[in-house]
>>> print(open('coords-v6.txt').read())   # compact mmCIF, C-alpha atoms
# COMPACT_ATOMS: atom_id res chain seq x y z
CA MET A 1 12.88 -47.61 37.26
CA GLN A 2 11.94 -43.98 37.86
CA ASN A 3 8.97 -43.31 40.09
CA PRO A 4 5.97 -42.19 37.91
CA VAL A 5 5.22 -39.32 40.30
CA THR A 6 8.83 -38.13 40.16
CA LYS A 7 8.79 -38.39 36.39
CA THR A 8 5.60 -36.31 36.20
CA PHE A 9 7.03 -33.60 38.44
CA LYS A 10 10.21 -33.51 36.36
CA THR A 11 8.18 -33.12 33.18
CA ILE A 12 6.16 -30.29 34.73
CA ALA A 13 9.32 -28.59 36.01
CA ILE A 14 11.01 -28.81 32.61
CA THR A 15 7.89 -27.43 30.92
CA ILE A 16 7.74 -24.48 33.33
CA ILE A 17 11.45 -23.74 32.85
CA LEU A 18 11.08 -23.83 29.06
CA PHE A 19 8.06 -21.55 29.29
CA ILE A 20 10.00 -19.05 31.43
CA VAL A 21 12.98 -19.13 29.07
CA LEU A 22 10.66 -18.59 26.08
CA GLU A 23 8.87 -15.71 27.81
CA ILE A 24 12.15 -14.00 28.73
CA ALA A 25 13.38 -14.40 25.14
CA LEU A 26 10.16 -12.90 23.76
CA GLN A 27 10.29 -9.98 26.20
CA VAL A 28 13.93 -9.27 25.27
CA ARG A 29 13.07 -9.53 21.56
CA SER A 30 10.12 -7.14 21.97
CA HIS A 31 12.29 -4.70 23.93
CA ILE A 32 15.03 -4.75 21.29
CA ARG A 33 12.70 -4.48 18.29
CA PHE A 34 9.99 -2.15 19.56
CA GLY A 35 11.28 -0.73 22.86
CA LYS A 36 8.19 -2.20 24.57
CA SER A 37 8.21 -5.03 27.11
CA VAL A 38 7.61 -5.88 30.76
CA PHE A 39 11.00 -4.26 31.47
CA ASN A 40 9.39 -0.89 30.72
CA ALA A 41 6.87 -1.43 33.49
CA ILE A 42 9.61 -2.47 35.92
CA SER A 43 11.65 0.64 35.13
CA GLU A 44 8.52 2.84 34.93
CA THR A 45 9.27 3.77 31.31
CA THR A 46 6.14 2.42 29.64
CA THR A 47 5.22 3.54 26.14
CA PHE A 48 1.81 4.83 27.23
CA VAL A 49 0.77 6.63 30.41
CA VAL A 50 -2.55 7.95 31.65
CA ASP A 51 -2.87 11.61 30.76
CA PRO A 52 -4.06 13.47 33.89
CA LYS A 53 -6.01 16.00 31.81
CA THR A 54 -8.07 13.64 29.66
CA GLY A 55 -7.73 10.26 31.36
CA LEU A 56 -6.59 8.84 28.02
CA LEU A 57 -3.63 6.53 27.51
CA LEU A 58 -1.26 8.77 25.56
CA LEU A 59 2.42 8.36 24.75
CA ARG A 60 4.82 9.02 27.59
CA PRO A 61 5.54 12.75 27.14
CA ASN A 62 8.90 13.99 25.87
CA ALA A 63 10.21 10.47 25.41
CA ILE A 64 12.26 8.55 22.88
CA ILE A 65 11.12 4.92 22.91
CA GLU A 66 13.70 2.99 20.92
CA GLY A 67 13.65 -0.43 19.30
CA SER A 68 15.28 -1.93 16.23
CA GLN A 69 11.90 -1.97 14.43
CA ALA A 70 10.61 1.43 15.57
CA THR A 71 11.68 4.58 17.35
CA ILE A 72 8.80 6.61 18.72
CA GLN A 73 9.53 10.19 19.72
CA SER A 74 6.79 11.98 21.64
CA ASN A 75 6.21 15.62 22.50
CA SER A 76 4.96 17.18 25.73
CA LEU A 77 1.33 16.49 24.73
CA GLY A 78 1.95 12.74 24.47
CA LEU A 79 1.65 12.74 20.68
CA ARG A 80 4.08 11.16 18.20
CA ASP A 81 5.23 14.47 16.84
CA ASP A 82 7.68 17.31 17.30
CA GLU A 83 6.99 19.89 19.98
CA ILE A 84 4.13 22.14 18.88
CA GLY A 85 4.83 25.72 19.86
CA GLU A 86 3.00 28.97 19.30
CA LYS A 87 1.38 29.21 15.90
CA GLU A 88 3.24 31.42 13.45
CA ASP A 89 1.36 34.16 11.60
CA ASP A 90 1.64 32.48 8.19
CA GLU A 91 1.30 28.91 9.47
CA PHE A 92 -1.44 26.59 8.18
CA ARG A 93 -2.09 23.86 10.75
CA ILE A 94 -3.64 20.52 9.89
CA ALA A 95 -4.38 17.79 12.44
CA ILE A 96 -4.84 14.16 11.41
CA LEU A 97 -6.97 12.55 14.09
CA GLY A 98 -7.24 8.79 14.58
CA ALA A 99 -5.73 5.74 16.21
CA SER A 100 -2.79 3.40 15.47
CA SER A 101 -2.88 3.75 11.66
CA VAL A 102 -2.43 7.50 12.06
CA MET A 103 0.14 7.17 14.85
CA GLY A 104 2.15 4.83 12.62
CA THR A 105 2.27 1.20 13.79
CA TYR A 106 4.57 0.07 10.96
CA THR A 107 6.65 3.22 10.60
CA LYS A 108 10.10 3.07 12.11
CA LYS A 109 10.57 6.83 12.39
CA ASN A 110 8.30 9.78 13.07
CA SER A 111 9.27 11.08 9.65
CA ASP A 112 7.59 8.04 8.04
CA THR A 113 4.13 8.64 9.51
CA ILE A 114 1.19 9.86 7.40
CA SER A 115 1.29 13.31 9.00
CA ALA A 116 5.00 13.78 8.27
CA LYS A 117 4.60 12.53 4.71
CA LEU A 118 1.63 14.85 4.13
CA ASN A 119 3.61 17.76 5.53
CA ASN A 120 6.38 17.00 3.03
CA THR A 121 4.09 16.59 0.01
CA LEU A 122 2.17 19.79 0.76
CA SER A 123 5.37 21.76 1.32
CA SER A 124 6.75 20.50 -2.00
CA HIS A 125 3.53 21.36 -3.82
CA PHE A 126 3.16 24.76 -2.16
CA PRO A 127 6.73 25.91 -1.34
CA GLU A 128 5.49 29.44 -0.59
CA LYS A 129 3.24 28.19 2.25
CA ASN A 130 4.12 27.25 5.84
CA PHE A 131 2.45 23.94 6.74
CA LYS A 132 2.39 22.07 10.03
CA VAL A 133 0.63 18.69 9.96
CA ILE A 134 0.03 17.34 13.48
CA ASN A 135 0.01 13.61 14.20
CA ALA A 136 -3.07 13.28 16.43
CA GLY A 137 -3.22 9.50 16.30
CA ILE A 138 -2.92 7.31 19.39
CA ALA A 139 -2.94 3.51 19.19
CA GLY A 140 -6.03 1.86 20.63
CA LEU A 141 -8.34 4.88 20.72
CA VAL A 142 -12.01 4.31 19.92
CA VAL A 143 -14.15 7.14 18.54
CA TYR A 144 -15.37 8.25 21.99
CA GLU A 145 -11.74 8.68 23.09
CA GLN A 146 -10.85 10.48 19.88
CA ILE A 147 -13.56 12.99 20.76
CA LYS A 148 -11.80 13.71 24.07
CA LEU A 149 -8.43 13.98 22.33
CA LEU A 150 -9.85 16.42 19.80
CA ASP A 151 -11.68 18.50 22.38
CA GLU A 152 -9.02 18.73 25.07
CA ILE A 153 -5.65 18.29 23.33
CA ILE A 154 -6.10 19.36 19.70
CA GLN A 155 -8.62 22.18 20.09
CA PRO A 156 -6.20 24.50 21.96
CA LEU A 157 -3.65 24.15 19.13
CA ASN A 158 -5.66 26.50 16.87
CA ILE A 159 -5.75 24.23 13.81
CA ASP A 160 -6.99 25.38 10.39
CA LEU A 161 -8.07 21.99 9.05
CA LEU A 162 -8.99 18.59 10.48
CA VAL A 163 -8.54 15.24 8.72
CA TRP A 164 -10.29 12.43 10.57
CA TYR A 165 -9.43 8.76 10.02
CA PRO A 166 -11.45 6.86 12.69
CA GLY A 167 -9.81 3.42 12.45
CA PHE A 168 -11.36 0.07 13.32
CA ASN A 169 -11.05 -0.13 17.12
CA ASP A 170 -14.79 0.30 17.72
CA MET A 171 -15.46 -3.02 15.98
CA THR A 172 -14.02 -5.02 18.90
CA GLY A 173 -16.86 -3.77 21.08
CA TYR A 174 -19.32 -6.18 19.44
CA CYS A 175 -17.24 -9.21 20.44
CA LEU A 176 -16.85 -7.82 23.94
CA GLN A 177 -20.61 -7.36 24.24
CA GLN A 178 -21.13 -10.97 23.12
CA THR A 179 -18.64 -12.24 25.72
CA GLU A 180 -20.25 -10.20 28.50
CA ALA A 181 -23.74 -11.36 27.49
CA LYS A 182 -22.66 -15.00 27.64
CA ALA A 183 -21.02 -14.50 31.02
CA SER A 184 -24.17 -12.91 32.47
CA GLN A 185 -26.34 -15.80 31.29
CA LYS A 186 -24.09 -18.56 32.53
CA VAL A 187 -24.52 -20.04 35.99
CA ASN A 188 -20.95 -20.63 37.04
CA PHE A 189 -20.22 -23.63 39.27
CA ASP A 190 -16.53 -23.71 38.33
CA LEU A 191 -13.72 -23.26 40.79
CA PRO A 192 -11.93 -19.89 40.64
CA LYS A 193 -9.56 -19.76 37.68
CA ILE A 194 -6.01 -18.47 37.79
CA GLN A 195 -5.67 -15.42 35.56
CA LEU A 196 -2.36 -15.08 33.74
CA PRO A 197 -0.74 -11.63 33.59
CA SER A 198 -1.73 -9.62 30.52
CA TRP A 199 1.90 -8.84 29.73
CA LEU A 200 2.81 -12.45 28.92
CA LEU A 201 3.97 -12.41 25.31
CA SER A 202 4.15 -16.20 24.89
CA ILE A 203 0.37 -16.56 25.33
CA ASP A 204 -0.29 -13.70 22.90
CA LEU A 205 2.15 -15.23 20.41
CA LEU A 206 0.42 -18.62 20.64
CA ILE A 207 -3.01 -17.08 20.05
CA LYS A 208 -1.88 -14.97 17.10
CA ASN A 209 0.05 -17.78 15.42
CA THR A 210 -2.88 -20.20 15.59
CA ILE A 211 -5.47 -17.91 14.03
CA GLY A 212 -5.27 -19.86 10.80
CA LEU A 213 -6.12 -23.05 12.71
CA ARG A 214 -8.87 -21.54 14.85
CA THR A 215 -10.61 -19.41 12.21
CA THR A 216 -11.19 -21.55 9.14
CA GLU A 217 -13.82 -21.71 6.43
CA ILE A 218 -15.93 -23.94 8.69
CA GLN A 219 -18.96 -21.98 9.87
CA ASN A 220 -19.00 -21.29 13.61
CA THR A 221 -22.55 -20.97 14.90
CA GLU A 222 -21.38 -18.67 17.71
CA GLN A 223 -20.03 -16.07 15.32
CA LEU A 224 -22.01 -12.89 14.91
CA ASP A 225 -23.96 -11.88 11.84
CA PRO A 226 -23.26 -8.17 11.18
CA SER A 227 -26.73 -7.70 9.68
CA THR A 228 -28.24 -8.40 13.12
CA LEU A 229 -26.11 -5.87 15.00
CA ASP A 230 -27.34 -2.59 16.44
CA THR A 231 -24.95 -0.07 14.90
CA SER A 232 -26.88 2.97 16.13
CA ARG A 233 -24.34 3.57 18.91
CA TYR A 234 -21.56 3.78 16.35
CA SER A 235 -23.59 6.22 14.26
CA LYS A 236 -24.18 8.31 17.39
CA LYS A 237 -20.43 8.41 18.11
CA ILE A 238 -19.68 9.59 14.57
CA ASN A 239 -22.20 12.39 15.03
CA GLN A 240 -20.74 13.31 18.42
CA LEU A 241 -17.23 13.66 17.02
CA LEU A 242 -18.51 15.81 14.16
CA ASP A 243 -20.36 17.92 16.78
CA THR A 244 -17.01 18.48 18.47
CA ALA A 245 -15.31 19.25 15.14
CA GLU A 246 -18.06 21.75 14.39
CA LYS A 247 -17.20 23.68 17.54
CA LEU A 248 -13.68 24.19 16.21
CA ASN A 249 -15.21 25.98 13.22
CA VAL A 250 -12.60 24.58 10.81
CA PRO A 251 -13.02 22.59 7.57
CA THR A 252 -13.02 18.82 8.18
CA LEU A 253 -12.26 15.97 5.80
CA VAL A 254 -13.76 12.66 6.91
CA VAL A 255 -11.93 9.54 5.70
CA THR A 256 -13.39 6.04 5.62
CA ASN A 257 -11.19 3.13 6.64
CA ALA A 258 -9.02 1.05 4.30
CA ARG A 259 -7.94 -2.57 4.70
CA ALA A 260 -5.47 -4.97 3.08
CA PHE A 261 -8.00 -7.68 2.24
CA ARG A 262 -10.80 -7.19 -0.28
CA THR A 263 -13.77 -9.31 -1.32
CA ASP A 264 -12.55 -9.46 -4.93
CA MET A 265 -9.39 -11.31 -3.84
CA PRO A 266 -9.08 -15.12 -3.74
CA GLU A 267 -10.44 -16.38 -0.42
CA LYS A 268 -7.11 -17.81 0.73
CA GLU A 269 -5.48 -14.43 0.15
CA GLN A 270 -8.24 -12.76 2.16
CA TYR A 271 -7.67 -15.18 5.03
CA ARG A 272 -3.94 -14.48 5.04
CA LEU A 273 -4.28 -10.71 4.89
CA SER A 274 -7.10 -10.54 7.45
CA GLU A 275 -5.35 -12.47 10.24
CA THR A 276 -4.88 -9.56 12.64
CA SER A 277 -8.45 -8.37 12.12
CA ARG A 278 -9.78 -11.85 12.83
CA TYR A 279 -7.55 -12.00 15.90
CA TYR A 280 -8.98 -8.80 17.40
CA ASN A 281 -12.53 -9.47 16.16
CA ASN A 282 -12.78 -13.21 16.72
CA CYS A 283 -16.57 -13.28 16.94
CA PHE A 284 -16.80 -12.68 13.18
CA ASP A 285 -15.88 -14.94 10.29
CA LEU A 286 -14.19 -13.58 7.16
CA LYS A 287 -17.45 -12.75 5.44
CA GLY A 288 -18.72 -11.06 8.61
CA ILE A 289 -15.61 -8.92 9.03
CA ASN A 290 -15.79 -7.79 5.41
CA GLN A 291 -19.43 -6.84 5.86
CA LEU A 292 -18.87 -5.07 9.18
CA PHE A 293 -15.98 -3.05 7.76
CA ASP A 294 -18.20 -2.00 4.86
CA ASP A 295 -21.14 -1.26 7.18
CA HIS A 296 -19.02 0.98 9.42
CA ASN A 297 -17.60 2.80 6.41
CA LEU A 298 -21.11 3.34 5.08
CA ILE A 299 -22.14 4.84 8.45
CA ILE A 300 -19.12 7.18 8.45
CA LYS A 301 -19.85 8.24 4.87
CA SER A 302 -23.60 8.71 5.24
CA VAL A 303 -23.40 10.64 8.54
CA ALA A 304 -20.62 12.93 7.27
CA GLU A 305 -22.28 13.63 3.93
CA SER A 306 -25.67 14.27 5.57
CA ARG A 307 -23.97 17.02 7.56
CA GLY A 308 -22.21 18.50 4.56
CA TYR A 309 -18.69 17.22 5.24
CA PRO A 310 -16.47 16.10 2.34
CA VAL A 311 -15.67 12.37 2.46
CA LEU A 312 -12.67 10.47 1.14
CA GLU A 313 -13.41 6.76 0.62
CA LEU A 314 -9.82 5.64 1.10
CA ASN A 315 -10.55 1.97 0.42
CA GLU A 316 -11.44 2.97 -3.16
CA TYR A 317 -8.09 4.68 -3.76
CA ILE A 318 -5.42 2.56 -2.07
CA PRO A 319 -4.90 -1.02 -3.32
CA GLY A 320 -5.05 -3.94 -0.90
CA GLY A 321 -2.26 -6.46 -0.40
CA ASP A 322 1.19 -6.37 1.18
CA THR A 323 2.75 -3.36 -0.55
CA TYR A 324 0.82 -0.69 1.32
CA PHE A 325 -0.25 -2.68 4.39
CA GLY A 326 1.88 -4.26 7.13
CA ASP A 327 -1.08 -6.28 8.40
CA ALA A 328 -4.86 -6.23 7.90
CA THR A 329 -5.30 -2.50 8.50
CA HIS A 330 -2.01 -0.73 9.30
CA PHE A 331 0.07 0.96 6.63
CA THR A 332 3.67 0.30 5.70
CA VAL A 333 6.01 3.23 5.02
CA LYS A 334 5.02 2.99 1.35
CA GLY A 335 1.43 2.94 2.49
CA SER A 336 1.90 6.09 4.56
CA GLN A 337 3.38 7.85 1.54
CA LYS A 338 0.54 6.67 -0.68
CA VAL A 339 -2.10 7.76 1.84
CA ALA A 340 -0.42 11.17 2.19
CA GLU A 341 -0.54 11.64 -1.57
CA ILE A 342 -4.21 10.63 -1.69
CA PHE A 343 -4.98 13.01 1.20
CA GLU A 344 -3.19 15.86 -0.55
CA GLN A 345 -5.08 15.32 -3.80
CA LYS A 346 -8.44 15.22 -2.01
CA LEU A 347 -7.64 18.34 0.04
CA ILE A 348 -6.74 20.24 -3.13
CA THR A 349 -9.70 19.08 -5.23
CA SER A 350 -12.11 19.75 -2.34
CA GLY A 351 -10.79 23.29 -1.97
CA LEU A 352 -9.69 22.67 1.61
CA ILE A 353 -6.17 23.99 0.96
CA PRO A 354 -6.23 27.75 0.29
CA GLN A 355 -4.67 28.56 -3.09
>>> encode(input="coords-v6.txt", output="structure tokens")
Amino acid sequence: MQNPVTKTFKTIAITIILFIVLEIALQVRSHIRFGKSVFNAISETTTFVVDPKTGLLLLRPNAIIEGSQATIQSNSLGLRDDEIGEKEDDEFRIAILGASSVMGTYTKKNSDTISAKLNNTLSSHFPEKNFKVINAGIAGLVVYEQIKLLDEIIQPLNIDLLVWYPGFNDMTGYCLQQTEAKASQKVNFDLPKIQLPSWLLSIDLLIKNTIGLRTTEIQNTEQLDPSTLDTSRYSKKINQLLDTAEKLNVPTLVVTNARAFRTDMPEKEQYRLSETSRYYNNCFDLKGINQLFDDHNLIIKSVAESRGYPVLELNEYIPGGDTYFGDATHFTVKGSQKVAEIFEQKLITSGLIPQ
């Protein structure tokens, strides 16, 4: 009969080996599909690097990051765009500022991003004009970081028009504040815990694939109620970005955020479509996330309109569901095309494109 201790050690060893094999497989899969994995860090070819000028995490300059699901080509500024040279005399420059939705999370090629699609639609509509639409979206940026990007990277490009799509990254701050508040109140008598590396994909995969089990219709008393939140900081950030835009002295279109899930959908459909949002904002239930999204959009709209900026309520114009969204908030290629068409129509009707 096998010694129980030996049997336990064998079980542990087999589990560790399987975990390592799984992690290697996931890293290889991520590298093949998206060109992003731990191998990038080893070879010092990461997708994002710290920009010495702004301190922001921008795309690795002048790089082609290849994967079967996406190929990201960056310019010398660390943006997902062609090289931006000297402005031509007849050129009309538009910058679309934002985060991952603008950069193009679910677009395989640069030519499928919102900025590229808008460039194409405007050029088709106005063949006599010379348009350049700049992709000023970087995944992960919150509004404060978008201010720095606008001020230090976009401002020198001498743009004629700004389109601002803030994104949802600022929402995660509420959950972070809750976690930090709990940690500060807790008297910790625990032994030091081993922290796993952040690059482990198997842990991330496990968390993402169990959202449906961990975030159900059952009310969690620890989840935040959006109506009790102090959103004044977010309102202040919106004002600060518009202050920066004002210094550029160019027309600015402010766009509220769109999402795949809507309150008029069946609840099960909302749960399915909101999975990534509930993953990144796990201190809110479905009802709370819907309310917070609407509250943030209302802040964007009210601040912009109070300052005289035209506002496009994108959620009112683009349908929810799978056709135009790859997850809760990021657009598919069809979504990018649809958004570009909506942008073009709003720019024309608002008189922001010179006739």
>>> residues_around(input="coords-v6.txt", residues="Gln270 in chain A", least_positions_apart="6", cutoff="12 Å", atoms="only C-alpha atoms", output="ChimeraX atom specification")
/A:212,216-217,259-264,276-278,285-287,289-290,320-322,327-328
>>> residues_around(input="coords-v6.txt", residues="Tyr309 in chain A", least_positions_apart="5", cutoff="10 Å", atoms="only C-alpha atoms", output="PDB file with C-alpha atoms, in the coordinates of the input")
ATOM      1  CA  LEU A 242     -18.510  15.810  14.160  1.00  0.00           C
ATOM      2  CA  PRO A 251     -13.020  22.590   7.570  1.00  0.00           C
ATOM      3  CA  THR A 252     -13.020  18.820   8.180  1.00  0.00           C
ATOM      4  CA  LEU A 253     -12.260  15.970   5.800  1.00  0.00           C
ATOM      5  CA  VAL A 254     -13.760  12.660   6.910  1.00  0.00           C
ATOM      6  CA  LYS A 301     -19.850   8.240   4.870  1.00  0.00           C
ATOM      7  CA  SER A 302     -23.600   8.710   5.240  1.00  0.00           C
ATOM      8  CA  VAL A 303     -23.400  10.640   8.540  1.00  0.00           C
ATOM      9  CA  ALA A 304     -20.620  12.930   7.270  1.00  0.00           C
TER      10      ALA A 304
END
>>> closest_residue(input="coords-v6.txt", among="A:Leu314, A:Ile154, A:Ala340, A:Leu161", to="Phe92 in chain A", atoms="only C-alpha atoms")
A:Leu161
>>> atom_distance(input="coords-v6.txt", atom1="CA of Leu79 in chain A", atom2="CA of Leu157 in chain A")
12.7 Å
>>> residues_around(input="coords-v6.txt", residues="Asn315 in chain A", least_positions_apart="2", cutoff="10 Å", atoms="all atoms listed in the file", output="JSON, numbers by chain")
{"A": [255, 256, 257, 258, 259, 260, 262, 294, 297, 312, 313, 317, 318, 319, 320]}
>>> atom_distance(input="coords-v6.txt", atom1="CA of Cys175 in chain A", atom2="CA of Tyr280 in chain A")
8.8 Å
>>> residues_around(input="coords-v6.txt", residues="Gln155 in chain A", least_positions_apart="4", cutoff="7 Å", atoms="only C-alpha atoms", output="ChimeraX atom specification")
/A:150-151,248
>>> decode(input="coords-v6.txt", residues="range 229-310 of chain A", atoms="C-alpha atoms", output="PDB file, in the first residue's frame")
ATOM      1  CA  LEU A 229     -21.238  57.341  -4.301  1.00  0.00           C
ATOM      2  CA  ASP A 230     -19.431  60.664  -4.418  1.00  0.00           C
ATOM      3  CA  THR A 231     -19.139  61.301  -8.156  1.00  0.00           C
ATOM      4  CA  SER A 232     -17.846  64.860  -7.754  1.00  0.00           C
ATOM      5  CA  ARG A 233     -14.284  63.753  -8.542  1.00  0.00           C
ATOM      6  CA  TYR A 234     -15.438  62.331 -11.861  1.00  0.00           C
ATOM      7  CA  SER A 235     -17.281  65.557 -12.657  1.00  0.00           C
ATOM      8  CA  LYS A 236     -14.115  67.496 -11.821  1.00  0.00           C
ATOM      9  CA  LYS A 237     -12.060  65.320 -14.198  1.00  0.00           C
ATOM     10  CA  ILE A 238     -14.533  65.912 -17.027  1.00  0.00           C
ATOM     11  CA  ASN A 239     -14.212  69.656 -16.454  1.00  0.00           C
ATOM     12  CA  GLN A 240     -10.412  69.427 -16.348  1.00  0.00           C
ATOM     13  CA  LEU A 241     -10.247  67.657 -19.695  1.00  0.00           C
ATOM     14  CA  LEU A 242     -12.568  70.223 -21.253  1.00  0.00           C
ATOM     15  CA  ASP A 243     -10.316  72.942 -19.770  1.00  0.00           C
ATOM     16  CA  THR A 244      -7.416  71.348 -21.637  1.00  0.00           C
ATOM     17  CA  ALA A 245      -9.479  71.043 -24.828  1.00  0.00           C
ATOM     18  CA  GLU A 246     -10.396  74.715 -24.515  1.00  0.00           C
ATOM     19  CA  LYS A 247      -6.720  75.662 -24.611  1.00  0.00           C
ATOM     20  CA  LEU A 248      -6.442  74.005 -28.017  1.00  0.00           C
ATOM     21  CA  ASN A 249      -9.083  76.433 -29.279  1.00  0.00           C
ATOM     22  CA  VAL A 250     -10.664  73.821 -31.569  1.00  0.00           C
ATOM     23  CA  PRO A 251     -14.268  72.559 -31.798  1.00  0.00           C
ATOM     24  CA  THR A 252     -14.874  69.524 -29.571  1.00  0.00           C
ATOM     25  CA  LEU A 253     -17.553  66.846 -29.789  1.00  0.00           C
ATOM     26  CA  VAL A 254     -18.144  65.054 -26.484  1.00  0.00           C
ATOM     27  CA  VAL A 255     -19.478  61.493 -26.768  1.00  0.00           C
ATOM     28  CA  THR A 256     -21.157  59.562 -23.964  1.00  0.00           C
ATOM     29  CA  ASN A 257     -20.331  55.883 -23.547  1.00  0.00           C
ATOM     30  CA  ALA A 258     -22.213  52.983 -25.141  1.00  0.00           C
ATOM     31  CA  ARG A 259     -22.567  49.425 -23.866  1.00  0.00           C
ATOM     32  CA  ALA A 260     -23.805  46.076 -25.163  1.00  0.00           C
ATOM     33  CA  PHE A 261     -26.303  45.431 -22.368  1.00  0.00           C
ATOM     34  CA  ARG A 262     -29.407  47.560 -21.837  1.00  0.00           C
ATOM     35  CA  THR A 263     -32.064  47.658 -19.126  1.00  0.00           C
ATOM     36  CA  ASP A 264     -34.826  46.911 -21.644  1.00  0.00           C
ATOM     37  CA  MET A 265     -33.263  43.511 -22.422  1.00  0.00           C
ATOM     38  CA  PRO A 266     -34.220  40.271 -20.645  1.00  0.00           C
ATOM     39  CA  GLU A 267     -32.195  39.984 -17.439  1.00  0.00           C
ATOM     40  CA  LYS A 268     -30.387  36.811 -18.526  1.00  0.00           C
ATOM     41  CA  GLU A 269     -29.265  38.575 -21.700  1.00  0.00           C
ATOM     42  CA  GLN A 270     -28.011  41.502 -19.636  1.00  0.00           C
ATOM     43  CA  TYR A 271     -26.021  39.146 -17.424  1.00  0.00           C
ATOM     44  CA  ARG A 272     -24.419  37.482 -20.437  1.00  0.00           C
ATOM     45  CA  LEU A 273     -23.525  40.714 -22.197  1.00  0.00           C
ATOM     46  CA  SER A 274     -22.267  42.459 -19.055  1.00  0.00           C
ATOM     47  CA  GLU A 275     -19.763  39.794 -17.981  1.00  0.00           C
ATOM     48  CA  THR A 276     -16.598  41.777 -18.661  1.00  0.00           C
ATOM     49  CA  SER A 277     -18.010  44.879 -16.979  1.00  0.00           C
ATOM     50  CA  ARG A 278     -18.932  42.860 -13.902  1.00  0.00           C
ATOM     51  CA  TYR A 279     -15.460  41.326 -13.938  1.00  0.00           C
ATOM     52  CA  TYR A 280     -13.694  44.701 -13.854  1.00  0.00           C
ATOM     53  CA  ASN A 281     -16.302  46.321 -11.572  1.00  0.00           C
ATOM     54  CA  ASN A 282     -17.041  43.455  -9.204  1.00  0.00           C
ATOM     55  CA  CYS A 283     -18.267  45.655  -6.365  1.00  0.00           C
ATOM     56  CA  PHE A 284     -21.477  46.372  -8.305  1.00  0.00           C
ATOM     57  CA  ASP A 285     -24.361  44.092  -9.179  1.00  0.00           C
ATOM     58  CA  LEU A 286     -26.068  44.254 -12.580  1.00  0.00           C
ATOM     59  CA  LYS A 287     -28.529  46.917 -11.499  1.00  0.00           C
ATOM     60  CA  GLY A 288     -25.708  48.944  -9.952  1.00  0.00           C
ATOM     61  CA  ILE A 289     -23.536  48.793 -13.067  1.00  0.00           C
ATOM     62  CA  ASN A 290     -26.435  49.902 -15.250  1.00  0.00           C
ATOM     63  CA  GLN A 291     -27.099  52.824 -12.929  1.00  0.00           C
ATOM     64  CA  LEU A 292     -23.432  53.822 -12.648  1.00  0.00           C
ATOM     65  CA  PHE A 293     -22.998  53.760 -16.428  1.00  0.00           C
ATOM     66  CA  ASP A 294     -26.039  55.999 -16.771  1.00  0.00           C
ATOM     67  CA  ASP A 295     -24.873  58.290 -13.946  1.00  0.00           C
ATOM     68  CA  HIS A 296     -21.439  58.757 -15.533  1.00  0.00           C
ATOM     69  CA  ASN A 297     -22.998  59.448 -18.920  1.00  0.00           C
ATOM     70  CA  LEU A 298     -25.294  62.017 -17.336  1.00  0.00           C
ATOM     71  CA  ILE A 299     -22.267  63.744 -15.763  1.00  0.00           C
ATOM     72  CA  ILE A 300     -20.441  63.815 -19.111  1.00  0.00           C
ATOM     73  CA  LYS A 301     -23.526  65.201 -20.853  1.00  0.00           C
ATOM     74  CA  SER A 302     -24.448  67.804 -18.242  1.00  0.00           C
ATOM     75  CA  VAL A 303     -20.889  69.138 -17.802  1.00  0.00           C
ATOM     76  CA  ALA A 304     -20.277  69.354 -21.556  1.00  0.00           C
ATOM     77  CA  GLU A 305     -23.610  71.000 -22.333  1.00  0.00           C
ATOM     78  CA  SER A 306     -23.230  73.492 -19.468  1.00  0.00           C
ATOM     79  CA  ARG A 307     -20.012  74.628 -21.135  1.00  0.00           C
ATOM     80  CA  GLY A 308     -21.545  74.845 -24.591  1.00  0.00           C
ATOM     81  CA  TYR A 309     -20.038  71.697 -26.115  1.00  0.00           C
ATOM     82  CA  PRO A 310     -22.110  69.555 -28.499  1.00  0.00           C
TER      83      PRO A 310
END
